[in-house]
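Asker: Here it is: the structure, laid out below.
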There are 2 protein chains.
Amino acid sequence: MSKFWSDVVHKLTPYVPGEQPKLDNLVKLNTNENPYGPSPKVLQALKLEASESLRLYPDPNSDALKAAIASTYQLQKENVFVGNGSDEVLAHVFQALLKHSRPLLFPDITYSFYPVYCGLYDIEYQTVPLSDDFTIRVEDYDQPNGGIVLPNPNAPTGIPLPLAKIEQLLQMNKHSVVVVDEAYVDFGTESAVGLIQHYPNLLVVHTLSKARSLAGLRVGYALGSAELIEALTRVKDSFNSYPVDRFASAGAIAAMQDSVYFQDTCRKVVATREALMAELASLDFEVLPSGANFIFAKHQTLGGEEITAMLRQKNIIVRHFKAPSRIAPYLRITIGTDAQSVLLVKALREILSQP
Amino acid sequence: MSKFWSDVVHKLTPYVPGEQPKLDNLVKLNTNENPYGPSPKVLQALKLEASESLRLYPDPNSDALKAAIASTYQLQKENVFVGNGSDEVLAHVFQALLKHSRPLLFPDITYSFYPVYCGLYDIEYQTVPLSDDFTIRVEDYDQPNGGIVLPNPNAPTGIPLPLAKIEQLLQMNKHSVVVVDEAYVDFGTESAVGLIQHYPNLLVVHTLSKARSLAGLRVGYALGSAELIEALTRVKDSFNSYPVDRFASAGAIAAMQDSVYFQDTCRKVVATREALMAELASLDFEVLPSGANFIFAKHQTLGGEEITAMLRQKNIIVRHFKAPSRIAPYLRITIGTDAQSVLLVKALREILSQP
């Protein structure tokens with residue numbers, strides 16, 4: 001605490017990301033990174049950027065990147081906003097579109113950055129409990145609100161919401177913004193992007209950190225009506241003219257264009273997930289349905305914190321959330337390679353067979 | 001205007017950066033980029049980053065980069081904050097340290113992003129007029145305030161303020177934060193970094209976009225007491241966990257470490273500046289003193305907007321500010337190579353010799 005700090009700083013409870021350990025030889029299944037590296041075409045494009053032209057600013061509007069993204073989804077450039085990772089995009093979304101006199105609604109168990117953004121921008125919010133099976137019940141959002149934000153699939157459960165449910169949510173909520181945070185959508189969840197042309201209040205947020213294997217490059221984007229995108233652009237241009245650097249732009253363009261590599265890696269991750277879910281079930285884990293590149297699982301007898309600590313001793317990192325208490329028994333496990341699944345299952349077998 | 005927008009968006013007047021034209025063959029002297037590319041060691045470090053490890057998040061705390069910066073200035077890691085360009089750093093500074101019940105003070109003619117940040121974060125501010133010769137009079141800041149921010153050298157004038165004046169400002173203002181925005185300091189202005197150990201309320205902001213030739217990479221940093229840095233970190237961790245990507249980090253570390261290349265390019269830019277100033281004086285320009293990699297100059301008879309337009313027809317871009325009216329007669333000219341100076345002077349001669 002300090003007299004030099006603005007008031008808001010005293011009240012902040014910052015988001016705590018999963019550990020990024022500086023040790024090698026860890027089986028790192030804690031921050032939902034892709035086990036496969038980016039497309040070779042991406043690496044080639046990135047190498048070309050290491051040049052004299054770095055002395056020049058990037059395009060402040062990221063027009064080429066917006067065009068590549070728009071073309072991927074048959075949208076116009078005016079429907080695309082890009083930023084320095086989807087966390088930055090979400091920050092601008094909260095400030096530009098979700099601060100109103102009525103409270104913002106989001107699930108009580110969800111991406112834990114949402115209440116942090118509300119603290120940063122002094123946004124009133126209300127959480128809506130998930131049902132007993134951890135699914136989002138869209139009927140519960142039929143109440144006065146200043147906006148709705150939810151991940152699909154949800155975090156940290158991984159449970160996908162069918163597209164019909166998203167459309168139902170949009171139907172009953174035409175007067176405020178609905179943000180669908182699709183960070184993990186490419187691993188088997190239905191995307192709401194196709195609904196953008198019908199619902200001017202729908203904003204869909206994507207990242208290149210997961211399915212496009214570019215967590216180290218920091219690129220995310222939002223898709224929506226020109227009306228919503230304009231608000232984000234105004235805030236961005238009042239915050240940082242050039243958030244997307246030359247590498248981020250070049251790498252992201254190449255990644256959006258290599259759809260074959262993208263689909264192939266997504267398919268491999270999904271196959272590994274299905275196999276791992278079966279293995280874990282055979283070890284007495286209850287695993288929630290997943291449309292993501294991670295699973296949320298609890299053991300019948302051993303606690304989540306306990307298993308996490310024991311795996312760590314075996315150089316395997318998964319993520320555990322202490323709060324809320326309803327999810328404390330669970331582990332969130334990122335889907336790695338098949339070889340990493342074998343190591344994980346072997347370690348779990350050893351842990352569970354201990355007296 | 002839209003019912004979906006948060007109130008703040010309706011009121012924003014975003015910053016407009018200098019043009020980043022997509023044409024080649026322009027003599028681009030409008031956004032204060034370095035005419036020399038980054039150090040070869042930087043390019044080498046960047047090439048190595050184009051690898052499979054891009055699938056992994058960068059270090060959220062940028063510890064290695066902070067260590068490299070701290071070591072450059074004989075400071076501790078706790079005295080360093082890093083971000084996605086100094087514009088992002090400044091945005092966090094305004095939100096974290098400059099929003100108080102008393103108004104923030106800054107010069108009436110200065111970096112035009114400052115009032116934009118105030119709009120974004122609803123910060124009350126008051127501008128302090130420059131004196132008739134465009135210098136900052138620190139005595140004029142001896143009034144109740146919620147913080148002070150000024151560039152040194154100032155923008156867009158380029159006029160440096162002596163270190164003794166900065167210390168005088170700190171002496172008479174111990175109860176609020178003084179931000180010295182030293183984006184251009186390495187081109188011949190005295191830095192206030194050495195005062196950090198004596199003044200816990202001093203924050204110095206630097207960028208790698210100018211003297212380190214890395215505008216395309218987006219890295220900036222703030223130096224100050226651990227107390228001030230902690231406020232920035234809290235805001236950053238409530239906004240975006242990973243603002244500095246793997247390329248930005250690796251390139252910036254290499255740039256901070258190659259002091260020989262850095263000093264050499266700064267020296268060349270300063271020599272070109274001095275020669276250009278003499279040439280412009282001989283063409284009846286009045287040129288303000290500059291401690292930056294740009295100069296601010298007005299012609300005795302021809303107007304600033306007119307010359308800017310005529311240079312543009314000759315494929316030379318400089319920057320012109322229409323407001324406030326006191327600076328409307330001026331051109332802001334980035335220092336390029338000696339060869340670019342020759343082209344500029346030749347073009348000006350042609351323009352001025354027209355009937």
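So you can find residues: chains in the structure tokens are A, B, ... in the order shown, residues in each start at 1, and ligands are numbered from 1 in order.
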Can you tell me which residues surround A:Thr207 at a distance of at most 7 Å, considering only C-alpha atoms, apart from same-chain residues fewer than 5 positions away, and format the answer as JSON, numbers by chain?

Answerer: {"A": [85, 86, 183, 219, 220, 221]}

Asker: Could you save the residues just selected, with C-alpha atoms, as a PDB file, in the first residue's frame?

Answerer:
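Writing done, so here's again-v4.pdb:
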ATOM      1  CA  GLY A  85      -3.157 -12.329 -26.883  1.00  0.00           C
ATOM      2  CA  SER A  86      -6.826 -12.971 -26.143  1.00  0.00           C
ATOM      3  CA  ALA A 183     -10.267 -20.076 -26.669  1.00  0.00           C
ATOM      4  CA  VAL A 219      -2.082 -13.077 -30.651  1.00  0.00           C
ATOM      5  CA  GLY A 220      -5.815 -13.147 -30.017  1.00  0.00           C
ATOM      6  CA  TYR A 221      -8.806 -11.720 -31.837  1.00  0.00           C
TER       7      TYR A 221
END

Asker: Residues of chain B that have any atom at most 7 Å from an atom of chain A: could you tabulate them with the shortest-distance atom pair and the distance in Å to one decimal, using only C-alpha atoms, ordered by chain and increasing number, as a tab-separated table?

Answerer:
residue	atom	partner	partner_atom	distance
B:Phe4	CA	A:Ser176	CA	6.0
B:Trp5	CA	A:Leu97	CA	4.8
B:Ser6	CA	A:Leu97	CA	5.0
B:Val9	CA	A:Ala96	CA	6.0
B:Leu12	CA	A:Arg234	CA	7.0
B:Pro14	CA	A:Ser238	CA	4.6
B:Tyr15	CA	A:Ser238	CA	5.7
B:Pro17	CA	A:Ser241	CA	6.8
B:Gln20	CA	A:Asp59	CA	6.3
B:Glu33	CA	A:Leu56	CA	6.0
B:Asn34	CA	A:Arg55	CA	6.0
B:Gly37	CA	A:Glu52	CA	4.5
B:Pro38	CA	A:Glu52	CA	6.3
B:Leu43	CA	A:Ala50	CA	5.3
B:Leu46	CA	A:Ala50	CA	5.9
B:Lys47	CA	A:Lys47	CA	5.5
B:Ala50	CA	A:Leu43	CA	5.3
B:Ser51	CA	A:Leu43	CA	6.4
B:Glu52	CA	A:Gly37	CA	4.5
B:Ser53	CA	A:Gly37	CA	6.7
B:Leu54	CA	A:Gly216	CA	4.5
B:Arg55	CA	A:Ser213	CA	4.5
B:Leu56	CA	A:Ala215	CA	5.2
B:Tyr57	CA	A:Gly216	CA	4.4
B:Pro58	CA	A:Gly216	CA	5.2
B:Asp59	CA	A:Gln20	CA	6.2
B:Asn84	CA	A:Pro243	CA	6.7
B:Asp87	CA	A:Asn240	CA	5.3
B:Glu88	CA	A:Asn240	CA	5.4
B:Ala91	CA	A:Phe239	CA	5.9
B:Gln95	CA	A:Ser6	CA	6.9
B:Ala96	CA	A:Ser6	CA	5.2
B:Leu97	CA	A:Trp5	CA	4.8
B:Leu98	CA	A:Ser6	CA	6.3
B:Lys99	CA	A:Ser6	CA	5.2
B:His100	CA	A:Ser6	CA	6.0
B:Val116	CA	A:Ser238	CA	5.7
B:Tyr117	CA	A:Ser238	CA	6.2
B:Leu120	CA	A:Ser238	CA	6.4
B:Ser176	CA	A:Phe4	CA	6.0
B:Val177	CA	A:Phe4	CA	6.2
B:Ser213	CA	A:Arg55	CA	4.5
B:Leu214	CA	A:Arg55	CA	4.7
B:Ala215	CA	A:Tyr57	CA	4.7
B:Gly216	CA	A:Tyr57	CA	4.4
B:Leu217	CA	A:Asp245	CA	5.2
B:Arg218	CA	A:Asp245	CA	5.9
B:Ala231	CA	A:Val9	CA	6.2
B:Arg234	CA	A:Pro14	CA	6.0
B:Val235	CA	A:Val9	CA	6.8
B:Asp237	CA	A:Pro14	CA	5.2
B:Ser238	CA	A:Pro14	CA	4.6
B:Phe239	CA	A:Ala91	CA	5.9
B:Asn240	CA	A:Asp87	CA	5.4
B:Ser241	CA	A:Pro17	CA	6.8
B:Pro243	CA	A:Asn84	CA	6.7
B:Asp245	CA	A:Leu217	CA	5.2
B:Arg246	CA	A:Gly216	CA	5.4

Asker: Would you kindly return, as a PyMOL selection string, each protein, DNA or RNA residue with an atom no farther than 12 Å from any atom of B:Ile333, considering only C-alpha atoms and excluding same-chain residues fewer than 3 positions away?

Answerer: chain B and resi 18+27-33+155-158+273+276-277+280+287-288+290+292-298+304+307-308+311+316-321+330+336+340-341+344-345

Asker: Take the residues that were just selected and, keeping C-alpha atoms, output them as a PDB file, in the first residue's frame.

Answerer:
ATOM      1  CA  GLY B  18       1.937   9.080 -37.553  1.00  0.00           C
ATOM      2  CA  VAL B  27      11.762   8.962 -47.398  1.00  0.00           C
ATOM      3  CA  LYS B  28       9.971   8.275 -44.134  1.00  0.00           C
ATOM      4  CA  LEU B  29      10.840  10.970 -41.593  1.00  0.00           C
ATOM      5  CA  ASN B  30       7.497  11.093 -39.758  1.00  0.00           C
ATOM      6  CA  THR B  31       7.488   8.672 -36.817  1.00  0.00           C
ATOM      7  CA  ASN B  32      10.949   9.036 -35.281  1.00  0.00           C
ATOM      8  CA  GLU B  33      12.168   5.592 -36.196  1.00  0.00           C
ATOM      9  CA  ALA B 155       7.725  16.092 -27.704  1.00  0.00           C
ATOM     10  CA  PRO B 156       7.221  17.290 -30.338  1.00  0.00           C
ATOM     11  CA  THR B 157       9.733  20.071 -29.690  1.00  0.00           C
ATOM     12  CA  GLY B 158      12.776  17.902 -28.879  1.00  0.00           C
ATOM     13  CA  ARG B 273      21.019  15.951 -36.687  1.00  0.00           C
ATOM     14  CA  LEU B 276      20.836  18.961 -40.816  1.00  0.00           C
ATOM     15  CA  MET B 277      20.116  21.721 -38.309  1.00  0.00           C
ATOM     16  CA  LEU B 280      17.992  24.135 -42.370  1.00  0.00           C
ATOM     17  CA  VAL B 287      15.075  25.115 -35.524  1.00  0.00           C
ATOM     18  CA  LEU B 288      14.447  24.504 -31.818  1.00  0.00           C
ATOM     19  CA  SER B 290      17.045  19.164 -29.881  1.00  0.00           C
ATOM     20  CA  ALA B 292      16.167  13.875 -29.604  1.00  0.00           C
ATOM     21  CA  ASN B 293      16.301  12.007 -32.937  1.00  0.00           C
ATOM     22  CA  PHE B 294      14.005  14.581 -34.464  1.00  0.00           C
ATOM     23  CA  ILE B 295      13.904  18.337 -34.859  1.00  0.00           C
ATOM     24  CA  PHE B 296      11.100  20.853 -34.726  1.00  0.00           C
ATOM     25  CA  ALA B 297      11.504  23.592 -37.293  1.00  0.00           C
ATOM     26  CA  LYS B 298       9.518  26.419 -38.864  1.00  0.00           C
ATOM     27  CA  GLY B 304       4.107  23.986 -41.792  1.00  0.00           C
ATOM     28  CA  ILE B 307       5.670  22.452 -46.666  1.00  0.00           C
ATOM     29  CA  THR B 308       4.492  19.060 -45.374  1.00  0.00           C
ATOM     30  CA  LEU B 311       7.349  17.336 -49.374  1.00  0.00           C
ATOM     31  CA  ILE B 316       9.172  12.668 -48.326  1.00  0.00           C
ATOM     32  CA  ILE B 317       6.966  12.332 -45.228  1.00  0.00           C
ATOM     33  CA  VAL B 318       7.451  14.527 -42.173  1.00  0.00           C
ATOM     34  CA  ARG B 319       4.918  15.112 -39.397  1.00  0.00           C
ATOM     35  CA  HIS B 320       2.781  18.188 -38.976  1.00  0.00           C
ATOM     36  CA  PHE B 321       0.513  18.985 -36.010  1.00  0.00           C
ATOM     37  CA  TYR B 330       6.351  23.828 -37.392  1.00  0.00           C
ATOM     38  CA  GLY B 336      17.362   9.798 -41.000  1.00  0.00           C
ATOM     39  CA  GLN B 340      18.101  11.090 -46.479  1.00  0.00           C
ATOM     40  CA  SER B 341      19.139  14.512 -45.178  1.00  0.00           C
ATOM     41  CA  LEU B 344      15.297  16.386 -47.774  1.00  0.00           C
ATOM     42  CA  VAL B 345      17.444  19.500 -48.172  1.00  0.00           C
TER      43      VAL B 345
END

Asker: Which of stretch 185-216 of chain B end up as strand (DSSP E or B) when DSSP is run on this backbone - answer as a PyMOL selection string?

Answerer: chain B and resi 202-207

Asker: With only C-alpha atoms as the basis for distance, which of A:Glu167, A:Asp186, A:Asp24, A:Asp108 is at the shortest distance from A:Asp264?

Answerer: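 Once distances to A:Asp264 are computed over only C-alpha atoms, the minimum belongs to A:Asp186.
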
Asker: Please determine, counting only C-alpha atoms, which residue among A:Ile351, A:Pro144, A:Lys77, A:Phe106 has the shortest atom-to-atom distance to A:Ala309.

Answerer: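 Closest to A:Ala309 of all the choices is A:Ile351.
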
Asker: Per DSSP on the backbone, filter stretch 163-248 of chain A down to the residues in alpha helix (DSSP H) and report them as a count of residues only.

Answerer: 23

Asker: Have a look at B:Ile253, B:Ala339, B:Pro162, B:Glu306 and name the one nearest to B:Leu65; count only C-alpha atoms.

Answerer: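 Closest to B:Leu65 of all the choices is B:Ile253.
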